[in-house]
Amino acid sequence: MDFTSGRQGFYTEINQPDDQIHLAKAALYIAQEEYPDLAIDDYLNALDVMASDVEERLPEQRYPLRVIKTLNQYLYDDLGYSGNRSDYYDPGNSFLNQVIDRRTGIPITLSVVYLEVARRLDFPMVGIGMPGHF
C-alpha cells in the first residue's frame, strides 16, 4: 500500500504497544495529511518548551493540585489557550499544529495539548470521554 508520510507515520505510531504510543505525534501525523510540509519535530519541541516553562514554576513538592493549578494558569491564563467559541466547526480546530499555533481549538485537541504537557512533567493524566466532549 502506498501511504503518504503522515499516514505511514500514524500507522507506525499506533501499531506500537499502547504504553509507547505518543499521542501528540499521532495527532501531528493526522495533521500532516492536511499540511504535508508540517515539521512534526517543531511542534513536539513546542510541547517540550511548554512543559519546561511549567516545570520552572512548580515548587519542589509536587502536590497534584499545585501541578494542575500551575498547568492551568500557564496554558489558559499566560498563553491564552481557549475553546474556539467563534468558529467551533473550523477544521483547524481539529489539527494539533493549528491548535498550538492559534492557541484555540475544540475540547479534544485542547485536551491533547494538556495531556501531552502533563506527560512531559511525569504527571499522570488520562482523557475521559463525556457526552458531547472529551
# chains A, B, ... in the order shown; residues from 1 in each chain; ligands from 1
$ residues_around --residues "segment 39-54 of chain A" --least-positions-apart "2" --cutoff "7 Å" --atoms "only C-alpha atoms" --output "ChimeraX atom specification"
/A:28,37,56-58,70-71,74,97,117,120-121
$ write_last_selection --atoms "C-alpha atoms" --output "PDB file, in the first residue's frame"
ATOM      1  CA  LEU A  28       0.514  15.555  14.263  1.00  0.00           C
ATOM      2  CA  ASP A  37       5.158  20.007   4.876  1.00  0.00           C
ATOM      3  CA  GLU A  56      10.229  26.093  36.252  1.00  0.00           C
ATOM      4  CA  ARG A  57       7.088  27.348  38.012  1.00  0.00           C
ATOM      5  CA  LEU A  58       6.477  24.238  40.076  1.00  0.00           C
ATOM      6  CA  THR A  70       0.179  25.747  37.632  1.00  0.00           C
ATOM      7  CA  LEU A  71      -0.601  23.978  34.360  1.00  0.00           C
ATOM      8  CA  TYR A  74       0.232  28.655  32.262  1.00  0.00           C
ATOM      9  CA  ASN A  97      -0.412  22.085  14.789  1.00  0.00           C
ATOM     10  CA  VAL A 117       2.386  18.793  28.628  1.00  0.00           C
ATOM     11  CA  ARG A 120       6.278  15.579  29.870  1.00  0.00           C
ATOM     12  CA  LEU A 121       6.107  16.610  33.526  1.00  0.00           C
TER      13      LEU A 121
END
$ residues_around --residues "Thr109 of chain A" --least-positions-apart "4" --cutoff "8 Å" --atoms "only C-alpha atoms" --output "ChimeraX atom specification"
/A:93-96,99,105,113
$ write_last_selection --atoms "C-alpha atoms" --output "compact mmCIF listing (two decimals), in the first residue's frame"
# COMPACT_ATOMS: atom_id res chain seq x y z
CA ASN A 93 -9.62 23.24 15.48
CA SER A 94 -9.01 19.54 14.85
CA PHE A 95 -5.36 19.78 13.79
CA LEU A 96 -2.87 19.85 16.65
CA VAL A 99 -4.24 24.47 17.91
CA GLY A 105 -9.38 24.58 19.37
CA VAL A 113 -2.09 19.76 24.50
$ select_by_dssp --residues "chain A" --states "strand (DSSP E)" --output "list in words"
Ser82, Gly83, Thr104 and Gly105 of chain A
$ write_last_selection --atoms "C-alpha atoms" --output "PDB file, in the first residue's frame"
ATOM      1  CA  SER A  82      -9.217  28.573  24.927  1.00  0.00           C
ATOM      2  CA  GLY A  83     -12.048  26.929  23.091  1.00  0.00           C
ATOM      3  CA  THR A 104      -7.574  27.770  20.248  1.00  0.00           C
ATOM      4  CA  GLY A 105      -9.383  24.584  19.374  1.00  0.00           C
TER       5      GLY A 105
END
$ select_by_dssp --residues "segment 15-103 of chain A" --states "alpha helix (DSSP H)" --output "PyMOL selection string"
chain A and resi 23-34+40-57+64-72+96-102
$ write_last_selection --atoms "C-alpha atoms" --output "mmCIF file, in the first residue's frame"
data_model
loop_
_atom_site.group_PDB
_atom_site.id
_atom_site.type_symbol
_atom_site.label_atom_id
_atom_site.label_comp_id
_atom_site.auth_asym_id
_atom_site.auth_seq_id
_atom_site.Cartn_x
_atom_site.Cartn_y
_atom_site.Cartn_z
ATOM 1 C CA LEU A 23 -0.487 10.964 21.433
ATOM 2 C CA ALA A 24 0.922 14.264 20.166
ATOM 3 C CA LYS A 25 2.995 12.570 17.494
ATOM 4 C CA ALA A 26 -0.019 10.551 16.303
ATOM 5 C CA ALA A 27 -2.159 13.710 16.227
ATOM 6 C CA LEU A 28 0.514 15.555 14.263
ATOM 7 C CA TYR A 29 0.702 12.722 11.734
ATOM 8 C CA ILE A 30 -3.045 13.195 11.222
ATOM 9 C CA ALA A 31 -2.447 16.920 10.680
ATOM 10 C CA GLN A 32 0.259 16.078 8.152
ATOM 11 C CA GLU A 33 -2.474 14.783 5.849
ATOM 12 C CA GLU A 34 -3.720 18.362 5.522
ATOM 13 C CA ILE A 40 6.389 17.416 13.379
ATOM 14 C CA ASP A 41 9.515 17.827 15.495
ATOM 15 C CA ASP A 42 8.926 21.588 15.718
ATOM 16 C CA TYR A 43 5.556 21.008 17.360
ATOM 17 C CA LEU A 44 6.865 18.285 19.644
ATOM 18 C CA ASN A 45 9.570 20.750 20.676
ATOM 19 C CA ALA A 46 6.908 23.404 21.324
ATOM 20 C CA LEU A 47 5.224 20.995 23.751
ATOM 21 C CA ASP A 48 8.620 20.324 25.353
ATOM 22 C CA VAL A 49 9.130 24.063 25.856
ATOM 23 C CA MET A 50 5.686 24.403 27.425
ATOM 24 C CA ALA A 51 6.488 21.597 29.846
ATOM 25 C CA SER A 52 9.842 23.168 30.657
ATOM 26 C CA ASP A 53 8.158 26.505 31.360
ATOM 27 C CA VAL A 54 5.655 24.837 33.692
ATOM 28 C CA GLU A 55 8.452 22.849 35.351
ATOM 29 C CA GLU A 56 10.229 26.093 36.252
ATOM 30 C CA ARG A 57 7.088 27.348 38.012
ATOM 31 C CA PRO A 64 -1.241 17.161 42.431
ATOM 32 C CA LEU A 65 -3.464 20.184 42.949
ATOM 33 C CA ARG A 66 -0.443 22.509 42.682
ATOM 34 C CA VAL A 67 0.618 20.901 39.395
ATOM 35 C CA ILE A 68 -2.898 21.252 37.977
ATOM 36 C CA LYS A 69 -3.221 24.883 39.084
ATOM 37 C CA THR A 70 0.179 25.747 37.632
ATOM 38 C CA LEU A 71 -0.601 23.978 34.360
ATOM 39 C CA ASN A 72 -3.992 25.710 34.138
ATOM 40 C CA LEU A 96 -2.870 19.853 16.654
ATOM 41 C CA ASN A 97 -0.412 22.085 14.789
ATOM 42 C CA GLN A 98 -3.126 24.692 14.287
ATOM 43 C CA VAL A 99 -4.241 24.465 17.913
ATOM 44 C CA ILE A 100 -0.658 25.036 19.075
ATOM 45 C CA ASP A 101 -0.165 27.927 16.632
ATOM 46 C CA ARG A 102 -3.511 29.643 17.242
#
$ atom_distance --atom1 "atom CA of Asp77 of chain A" --atom2 "atom CA of Tyr114 of chain A"
13.5 Å
$ atom_distance --atom1 "atom CA of Gly80 of chain A" --atom2 "atom CA of Gln61 of chain A"
26.3 Å
$ decode --residues "segment 20-133 of chain A" --atoms "C-alpha atoms" --output "mmCIF file, in the first residue's frame"
data_model
loop_
_atom_site.group_PDB
_atom_site.id
_atom_site.type_symbol
_atom_site.label_atom_id
_atom_site.label_comp_id
_atom_site.auth_asym_id
_atom_site.auth_seq_id
_atom_site.Cartn_x
_atom_site.Cartn_y
_atom_site.Cartn_z
ATOM 1 C CA GLN A 20 4.620 3.506 23.790
ATOM 2 C CA ILE A 21 2.191 5.478 21.614
ATOM 3 C CA HIS A 22 2.861 9.215 21.673
ATOM 4 C CA LEU A 23 -0.487 10.964 21.433
ATOM 5 C CA ALA A 24 0.922 14.264 20.166
ATOM 6 C CA LYS A 25 2.995 12.570 17.494
ATOM 7 C CA ALA A 26 -0.019 10.551 16.303
ATOM 8 C CA ALA A 27 -2.159 13.710 16.227
ATOM 9 C CA LEU A 28 0.514 15.555 14.263
ATOM 10 C CA TYR A 29 0.702 12.722 11.734
ATOM 11 C CA ILE A 30 -3.045 13.195 11.222
ATOM 12 C CA ALA A 31 -2.447 16.920 10.680
ATOM 13 C CA GLN A 32 0.259 16.078 8.152
ATOM 14 C CA GLU A 33 -2.474 14.783 5.849
ATOM 15 C CA GLU A 34 -3.720 18.362 5.522
ATOM 16 C CA TYR A 35 -0.322 20.022 5.921
ATOM 17 C CA PRO A 36 2.173 17.782 4.050
ATOM 18 C CA ASP A 37 5.158 20.007 4.876
ATOM 19 C CA LEU A 38 4.378 20.002 8.590
ATOM 20 C CA ALA A 39 7.545 19.823 10.684
ATOM 21 C CA ILE A 40 6.389 17.416 13.379
ATOM 22 C CA ASP A 41 9.515 17.827 15.495
ATOM 23 C CA ASP A 42 8.926 21.588 15.718
ATOM 24 C CA TYR A 43 5.556 21.008 17.360
ATOM 25 C CA LEU A 44 6.865 18.285 19.644
ATOM 26 C CA ASN A 45 9.570 20.750 20.676
ATOM 27 C CA ALA A 46 6.908 23.404 21.324
ATOM 28 C CA LEU A 47 5.224 20.995 23.751
ATOM 29 C CA ASP A 48 8.620 20.324 25.353
ATOM 30 C CA VAL A 49 9.130 24.063 25.856
ATOM 31 C CA MET A 50 5.686 24.403 27.425
ATOM 32 C CA ALA A 51 6.488 21.597 29.846
ATOM 33 C CA SER A 52 9.842 23.168 30.657
ATOM 34 C CA ASP A 53 8.158 26.505 31.360
ATOM 35 C CA VAL A 54 5.655 24.837 33.692
ATOM 36 C CA GLU A 55 8.452 22.849 35.351
ATOM 37 C CA GLU A 56 10.229 26.093 36.252
ATOM 38 C CA ARG A 57 7.088 27.348 38.012
ATOM 39 C CA LEU A 58 6.477 24.238 40.076
ATOM 40 C CA PRO A 59 7.556 24.052 43.699
ATOM 41 C CA GLU A 60 9.856 21.251 44.795
ATOM 42 C CA GLN A 61 6.924 19.459 46.433
ATOM 43 C CA ARG A 62 4.677 18.498 43.540
ATOM 44 C CA TYR A 63 1.286 18.177 45.101
ATOM 45 C CA PRO A 64 -1.241 17.161 42.431
ATOM 46 C CA LEU A 65 -3.464 20.184 42.949
ATOM 47 C CA ARG A 66 -0.443 22.509 42.682
ATOM 48 C CA VAL A 67 0.618 20.901 39.395
ATOM 49 C CA ILE A 68 -2.898 21.252 37.977
ATOM 50 C CA LYS A 69 -3.221 24.883 39.084
ATOM 51 C CA THR A 70 0.179 25.747 37.632
ATOM 52 C CA LEU A 71 -0.601 23.978 34.360
ATOM 53 C CA ASN A 72 -3.992 25.710 34.138
ATOM 54 C CA GLN A 73 -2.534 29.139 34.802
ATOM 55 C CA TYR A 74 0.232 28.655 32.262
ATOM 56 C CA LEU A 75 -1.880 27.249 29.422
ATOM 57 C CA TYR A 76 -5.082 29.230 29.904
ATOM 58 C CA ASP A 77 -4.040 32.486 31.569
ATOM 59 C CA ASP A 78 -0.473 33.030 30.384
ATOM 60 C CA LEU A 79 -0.620 31.506 26.891
ATOM 61 C CA GLY A 80 -4.328 32.168 26.354
ATOM 62 C CA TYR A 81 -5.433 28.709 25.213
ATOM 63 C CA SER A 82 -9.217 28.573 24.927
ATOM 64 C CA GLY A 83 -12.048 26.929 23.091
ATOM 65 C CA ASN A 84 -12.883 28.384 19.701
ATOM 66 C CA ARG A 85 -16.324 29.752 20.518
ATOM 67 C CA SER A 86 -16.495 31.986 17.458
ATOM 68 C CA ASP A 87 -15.899 29.212 14.900
ATOM 69 C CA TYR A 88 -16.283 25.848 16.618
ATOM 70 C CA TYR A 89 -16.542 23.936 13.322
ATOM 71 C CA ASP A 90 -13.382 25.410 11.780
ATOM 72 C CA PRO A 91 -11.389 22.375 10.576
ATOM 73 C CA GLY A 92 -8.217 23.932 12.015
ATOM 74 C CA ASN A 93 -9.618 23.240 15.480
ATOM 75 C CA SER A 94 -9.012 19.542 14.848
ATOM 76 C CA PHE A 95 -5.362 19.775 13.792
ATOM 77 C CA LEU A 96 -2.870 19.853 16.654
ATOM 78 C CA ASN A 97 -0.412 22.085 14.789
ATOM 79 C CA GLN A 98 -3.126 24.692 14.287
ATOM 80 C CA VAL A 99 -4.241 24.465 17.913
ATOM 81 C CA ILE A 100 -0.658 25.036 19.075
ATOM 82 C CA ASP A 101 -0.165 27.927 16.632
ATOM 83 C CA ARG A 102 -3.511 29.643 17.242
ATOM 84 C CA ARG A 103 -3.960 28.602 20.886
ATOM 85 C CA THR A 104 -7.574 27.770 20.248
ATOM 86 C CA GLY A 105 -9.383 24.584 19.374
ATOM 87 C CA ILE A 106 -12.070 22.131 20.376
ATOM 88 C CA PRO A 107 -12.151 20.191 23.650
ATOM 89 C CA ILE A 108 -10.395 17.088 22.356
ATOM 90 C CA THR A 109 -7.440 18.891 20.755
ATOM 91 C CA LEU A 110 -7.057 21.251 23.707
ATOM 92 C CA SER A 111 -7.002 18.114 25.852
ATOM 93 C CA VAL A 112 -4.194 16.673 23.746
ATOM 94 C CA VAL A 113 -2.093 19.763 24.499
ATOM 95 C CA TYR A 114 -2.905 19.487 28.214
ATOM 96 C CA LEU A 115 -2.259 15.741 28.422
ATOM 97 C CA GLU A 116 0.992 15.985 26.493
ATOM 98 C CA VAL A 117 2.386 18.793 28.628
ATOM 99 C CA ALA A 118 1.383 16.850 31.756
ATOM 100 C CA ARG A 119 3.031 13.694 30.380
ATOM 101 C CA ARG A 120 6.278 15.579 29.870
ATOM 102 C CA LEU A 121 6.107 16.610 33.526
ATOM 103 C CA ASP A 122 5.693 12.943 34.531
ATOM 104 C CA PHE A 123 2.285 13.893 35.897
ATOM 105 C CA PRO A 124 -0.151 11.057 35.168
ATOM 106 C CA MET A 125 -3.362 12.133 33.441
ATOM 107 C CA VAL A 126 -5.823 10.426 31.155
ATOM 108 C CA GLY A 127 -8.572 11.725 28.918
ATOM 109 C CA ILE A 128 -12.128 10.825 29.788
ATOM 110 C CA GLY A 129 -14.889 10.806 27.213
ATOM 111 C CA MET A 130 -18.001 12.691 28.281
ATOM 112 C CA PRO A 131 -21.241 13.002 26.339
ATOM 113 C CA GLY A 132 -20.558 15.589 23.673
ATOM 114 C CA HIS A 133 -16.983 16.293 24.836
#
